[in-house]
Structure formats: C-alpha cells, structure tokens
Amino acid sequence: MIGKRMAALVIAATCWTGSAQAQPPRDEAAAAMRRAAAFMVEKVSLRGGYVWAVSEDLTKRWGEIPARPSQIWVQAGTPMVGMALLDAWDATGDAYYLQGARRAADALIFGQHPLGGWHYFVDFDPAGLADWYATRASKFTYGYEEYRYYYGNATNDDGVTSGATAFLLRLYRSTLDPGYRAPLLKALDFVLLAQYPNGAWPQRFPLRYDFAHDGLPDYTSYYTLNDGAHQGYVELLVDAWRALGDARYFEAARRGADFLIAVQGPEGEAAWAEQYGPDMKPVAARTHEPAGYVIRESRDAIGVLQLFYALTGDARYLKPIPGCLAWYDRVNREGADLKRPPARYWQPGTNLPVYHFQNRTLNADGYGLYTWTTTPPPGLALRPAVDVAPIRASYERMAAMRSPGERAGYVAEYLGRPRQAPAAAQVTDVITALDARGAWVTDDVRVHRIIESGMNPGDTVPVRGISTGVFVRNLRVLSDFLAGPASTRKE
C-alpha cells in the first residue's frame, strides 16, 4: 500500500473529466454491472474469496505469487472486491451485490487468525500449506523473504489486516448484522493488542524473531511504516472510533500519530523511514531494504499528521510537515546539482542516495543477494525524486483551516473514496469490453515467470486472463455512473 488516501486527496481534482458524448442508458449499465458481478461471484470466486488474477479458462490462479487451488488472497484481493460489491449495492440497492459482499466476508472470517488478524492469504486446505511453502512459495531467487517462511501469525504488510478489518467494519456499519460484529471486534482488538506502548506496530503479530536470514535479523518485529502498515492501522482505528464510538480506538490512533512525530529525522533529513529498530532509528529489513529515509512513507506520515490536525485542531501535528517538505526540496535540488538519479532510500547522516541492485551472488541457501551502494548504477535517468507541489498545496490548505467544520469536512474527505461521475466514453468502453460470459478479459495480466531456478520480483510474463484489479476498477466506474452526482463515498 502506498498512501492511497493521501494520494487521492492530492490528485482528486484531476481524476475525471467531463464529456459531451451521450451517456449510455442506465439500464444497459445496470445489466452489464450485474452480469460482470455474477461472473466473478459465481464463476471466479472460491467460497466467496478472490485472488489477484485467473487465467481465461479459470484453471490457473495467482496472488502475489502463484496460488494453490485452495487459496484466496487477503492482500489486494478479497477485501477489495468486497468493497466494490458494497459500492454496487449502495448505487443500486440490488441485494445481489450485498450477498456477494457477505460471501467475501465469510471467506475472510474463515481464515481469521485466532487473535483476530490475517495472513496474506486464506487457504481452505491448510494440510498442504507446508509443502507449498517448501516447493513453490519459497522459490523466489531474489527478495520476497516473507514467502520463504510461514510464521503462523498475521501481517499488516500491504494493509492486509487493516484492509480486511475495514471491509468488515463497512459491512457491519451498512447492515448492522450481528453476525459480523464479533469478528470485527476481534480484529480491532488484534490491532490494539499488536500496538507497542510507544504507538508503533510491528509488521507481523504475535511477535516472532526466529527467521534470521542473509546476515539480517528477523525484521518483522520492527516498528514498521513500510507499505502502509502504520498508516493503515491509524486510519482504520479512526474510522472504527467514528463508527462505533469506542474511545480506545481513538487513543490508539493518536498514539500512532504521536509515534510519527517522535521518529521524524533530524533537521535537513526531517523525513521518515520504512522501519525502525528498538532505538527508534531507521533500520534495514529485507535484503533489498537498507536503512534510510524514503519518499513514500514520508508522504504517508504527512497524511496521518494532517488527519490528526483535522481531528484535534492541535498544531503540533502540522509542525513536522514543513521540515519534510524541505527535505523533499533538498533531495530534488541535490539530485539535479550533483547529477544523482533518485533512489528509494537516502542514507541517514549523509543524505546520499542508496541504490540497491541484484549482484548475481547466491548465499548458502541459494538465494540471491543485493548490493547496497551510494554510487548510482549506469542507466538511471536524472529526474526529480518527488513532485512536491501537490503535497505542499495539501499542507497549506490544511494549515489554513481554522474552523471545526472545515476540519470535519477534511476528515470525511480523507477517509472516504472520492466519487465523481465518469466520462460517458469510459462507461461505454467498460460495458463493451465485457465478453459473452460477463468477464473483463485482459491480454496483459502480469504474473511471475516460473523458471527452474526460481522466480524473481519483476520477472513477469503476460497471460490472458481476468484481473481482480480490472474488475474492481470497472465495477466502480459503473457504480459511480449509476449512483448519480459526485460525492464522497464512505469506505
């Protein structure tokens, strides 16, 4: 997850453009949406759950890595489809979509960890899981250490637990079905239990320390911002507090925001890292993740701080942001002046960019190692590291807000999904792209190449198939069209 809500606020004004083209008939759009949902719910889903993609003939399935026939994906899969089905229900009132969302929730509840969180996926045949890890999931030559070893606990990498919980929260809030209240509260209790006293969260919980590898300690207990883990929990807790009124959720979210203030880098480097060690300093994690300040998680942190200013009116939540904006300007300026291509990481203390690349050396277990260097590899283009202007504009807008009413509007905007009427041509394209079955088939679904020596991040091949992401995007186009005038929909 890469700060989706913050990014949405920055770019919302340019997401859609109007069109003079005649709108397609509403009944045509409604029929297309129902056919598409029926195909996914009845033909593609497994017990109500979804992976990232399936082949056109439905015989092969993929999540982030090739999936077993018995698996559904929590990460960027089942909760995302459930949310889209709730959008369709909101737009039409057709109970079919609600039933599909319920099935997705039931699949997630089946796979909920005893303490309340979720792993990357749910496997309905856990007896074969150990062999799948040994023979398939662990076969990435480079990176993806999270698939080499199964901890038996839950994760919030890529918003796994926060995303599933947010979906259950929306479903319960929409239906008040008591059957979803207990698993929802169990999931929220998990988030409270997993939080450190200083307001941070580990990547995985319950805590484990037993998977040291490649000369690195087990990183999963570190204070983790990476891939939206921290931001996702804070936003979820604020949402839960607003919906359920439990002050514990607000207090935990507030401590999460205060943690960000505590770990911000020093003057000149007033940014944030992906993860922190017990000393509250940036720390390395996976083999391709050196310690360093980063653009993406810094943007996520700004989003959380602005949210808490909007919630409380307390200026201390805005105080850290100008320093980070100055750091953004610095890395852009130094990159141009010193001919440094942008990197994902900037070294604490020197602000030098840290580049990581595969060095074609294998360790004793046959896994590829990375080189970390401040010398840029050849072929990297010079360009700004970050577009600062929209982030600064969002901050200045926030800082100018004085009234509680203005700030309350910002909170609703931040936590909701912006919805604007799609262009007529876009709606028509989505309708006409459906095949006879009701499937949106994509020629270029990217999946990891399986080779004898293993799979590598980024080494993908195109397959013709059905993408869950394309389904969600297209269903929301039709939902937004059918829902009418633009608004902000609650997630």
# chains A, B, ... in the order shown; residues from 1 in each chain; ligands from 1

$ select_by_dssp --residues "range 181-351 of chain A" --states "strand (DSSP E or B)" --output "MDAnalysis selection string"
chainID A and resid 204:205 213 216 223:224 272:273 275:276 282 293:294 345:346

$ residues_around --residues "range 168-176 of chain A" --least-positions-apart "5" --cutoff "9 Å" --atoms "only C-alpha atoms" --output "PyMOL selection string"
chain A and resi 79+82-83+86+98+101-102+105+163+181+183-185+236+239-240+243-244+490-491

$ write_last_selection --atoms "N, CA and C atoms" --output "short mmCIF file (atom, residue, chain, number, x, y, z; two decimals), in the first residue's frame"
data_model
loop_
_atom_site.label_atom_id
_atom_site.label_comp_id
_atom_site.auth_asym_id
_atom_site.auth_seq_id
_atom_site.Cartn_x
_atom_site.Cartn_y
_atom_site.Cartn_z
N PRO A 79 -10.86 -8.41 0.21
CA PRO A 79 -11.50 -7.19 0.76
C PRO A 79 -11.77 -6.13 -0.30
N GLY A 82 -14.85 -7.12 -2.08
CA GLY A 82 -15.98 -6.89 -1.18
C GLY A 82 -16.38 -5.44 -1.12
N MET A 83 -15.40 -4.53 -1.05
CA MET A 83 -15.70 -3.10 -1.04
C MET A 83 -16.39 -2.67 -2.34
N LEU A 86 -19.95 -3.67 -2.32
CA LEU A 86 -20.74 -2.76 -1.49
C LEU A 86 -21.00 -1.44 -2.20
N LEU A 98 -24.90 -7.18 -2.24
CA LEU A 98 -24.70 -7.35 -0.80
C LEU A 98 -24.43 -8.81 -0.48
N ALA A 101 -20.90 -9.53 -1.25
CA ALA A 101 -20.02 -8.97 -0.23
C ALA A 101 -20.05 -9.82 1.03
N ARG A 102 -21.21 -10.32 1.40
CA ARG A 102 -21.30 -11.20 2.57
C ARG A 102 -20.46 -12.47 2.37
N ALA A 105 -16.91 -11.65 2.97
CA ALA A 105 -16.65 -11.51 4.41
C ALA A 105 -16.59 -12.87 5.09
N GLY A 163 -6.94 -3.77 5.89
CA GLY A 163 -7.88 -3.79 4.78
C GLY A 163 -9.04 -4.73 5.02
N ARG A 181 -20.39 -8.58 13.80
CA ARG A 181 -19.87 -7.74 14.88
C ARG A 181 -18.73 -8.43 15.64
N PRO A 183 -16.52 -10.94 14.75
CA PRO A 183 -15.23 -10.96 14.05
C PRO A 183 -14.64 -9.57 13.84
N LEU A 184 -15.48 -8.56 13.67
CA LEU A 184 -14.98 -7.19 13.54
C LEU A 184 -14.30 -6.75 14.83
N LEU A 185 -14.97 -6.92 15.97
CA LEU A 185 -14.38 -6.51 17.24
C LEU A 185 -13.13 -7.31 17.56
N LEU A 236 -7.69 3.01 10.05
CA LEU A 236 -8.71 2.06 10.46
C LEU A 236 -9.26 2.40 11.83
N ASP A 239 -11.49 5.41 11.79
CA ASP A 239 -12.75 5.01 11.19
C ASP A 239 -13.61 4.23 12.19
N ALA A 240 -12.98 3.30 12.91
CA ALA A 240 -13.73 2.49 13.87
C ALA A 240 -14.25 3.34 15.02
N ALA A 243 -17.26 5.19 13.84
CA ALA A 243 -18.42 4.34 13.59
C ALA A 243 -18.98 3.71 14.86
N LEU A 244 -18.09 3.33 15.78
CA LEU A 244 -18.50 2.54 16.94
C LEU A 244 -18.43 3.30 18.25
N LYS A 490 -18.25 6.59 1.67
CA LYS A 490 -17.52 6.05 2.82
C LYS A 490 -17.03 4.66 2.51
N GLU A 491 -15.73 4.43 2.81
CA GLU A 491 -15.18 3.09 2.64
C GLU A 491 -15.35 2.29 3.91
#

$ closest_residue --among "A:Asp258, A:Glu42, A:Asp158, A:Glu269" --to "Tyr96 in chain A" --atoms "only C-alpha atoms"
A:Glu42

$ residues_around --residues "Leu115 in chain A" --least-positions-apart "5" --cutoff "8 Å" --atoms "only C-alpha atoms" --output "count of residues only"
3

$ residues_around --residues "Pro206 in chain A" --least-positions-apart "6" --cutoff "10 Å" --atoms "only C-alpha atoms" --output "PyMOL selection string"
chain A and resi 115+117+151-155+190+193-194+220-221

$ write_last_selection --atoms "N, CA and C atoms" --output "short mmCIF file (atom, residue, chain, number, x, y, z; two decimals), in the first residue's frame"
data_model
loop_
_atom_site.label_atom_id
_atom_site.label_comp_id
_atom_site.auth_asym_id
_atom_site.auth_seq_id
_atom_site.Cartn_x
_atom_site.Cartn_y
_atom_site.Cartn_z
N LEU A 115 -6.22 -14.74 17.03
CA LEU A 115 -6.18 -13.46 17.75
C LEU A 115 -6.90 -12.34 17.01
N GLY A 117 -6.21 -11.18 13.41
CA GLY A 117 -5.65 -10.61 12.19
C GLY A 117 -5.70 -11.59 11.02
N TYR A 151 5.23 -17.92 9.41
CA TYR A 151 5.31 -17.68 10.84
C TYR A 151 4.11 -18.21 11.62
N GLY A 152 2.99 -18.39 10.95
CA GLY A 152 1.78 -18.76 11.66
C GLY A 152 1.12 -17.60 12.37
N ASN A 153 1.52 -16.38 12.02
CA ASN A 153 0.89 -15.21 12.64
C ASN A 153 0.25 -14.34 11.56
N ALA A 154 -0.08 -13.11 11.88
CA ALA A 154 -0.79 -12.22 10.96
C ALA A 154 0.09 -11.04 10.59
N THR A 155 -0.23 -10.40 9.47
CA THR A 155 0.58 -9.30 8.96
C THR A 155 -0.29 -8.10 8.63
N PHE A 190 -7.30 -7.12 17.96
CA PHE A 190 -5.97 -7.54 17.49
C PHE A 190 -5.09 -6.32 17.23
N LEU A 193 -4.00 -4.93 20.52
CA LEU A 193 -3.05 -5.82 21.17
C LEU A 193 -1.67 -5.76 20.53
N ALA A 194 -1.64 -5.59 19.22
CA ALA A 194 -0.38 -5.60 18.49
C ALA A 194 0.41 -4.31 18.66
N THR A 220 10.47 -8.62 11.28
CA THR A 220 9.01 -8.46 11.38
C THR A 220 8.54 -7.85 12.69
N SER A 221 9.44 -7.76 13.68
CA SER A 221 9.05 -7.12 14.94
C SER A 221 9.41 -5.64 14.98
#

$ select_by_dssp --residues "range 257-487 of chain A" --states "helix (DSSP H, G or I)" --output "ChimeraX atom specification"
/A:257-263,295-312,315-317,321-337,388-399,404-415,424-432,468-483

$ residues_around --residues "range 304-315 of chain A" --least-positions-apart "3" --cutoff "6 Å" --atoms "only C-alpha atoms" --output "list in words"
Ala301, Leu318 and Arg407 of chain A

$ write_last_selection --atoms "C-alpha atoms" --output "PDB file, in the first residue's frame"
ATOM      1  CA  ALA A 301       3.230  10.128   7.529  1.00  0.00           C
ATOM      2  CA  LEU A 318       1.321  20.144  11.499  1.00  0.00           C
ATOM      3  CA  ARG A 407     -11.621  20.197   9.537  1.00  0.00           C
TER       4      ARG A 407
END

$ residues_around --residues "range 133-145 of chain A" --least-positions-apart "4" --cutoff "9 Å" --atoms "only C-alpha atoms" --output "list in words"
Ile65, Pro66, Ala67, Gly128, Leu129, Tyr149, Tyr150, His213, Arg286, Thr287, His288, Gln358, Leu362, Gly366, Tyr367, Gly368, Leu369, Tyr370, Ile450, Ser453, Gly454, Met455, Asn456 and Pro457 of chain A

$ closest_residue --among "A:Gly100, A:Glu297, A:Gly268, A:Gly379" --to "Thr350 in chain A" --atoms "only C-alpha atoms"
A:Gly268
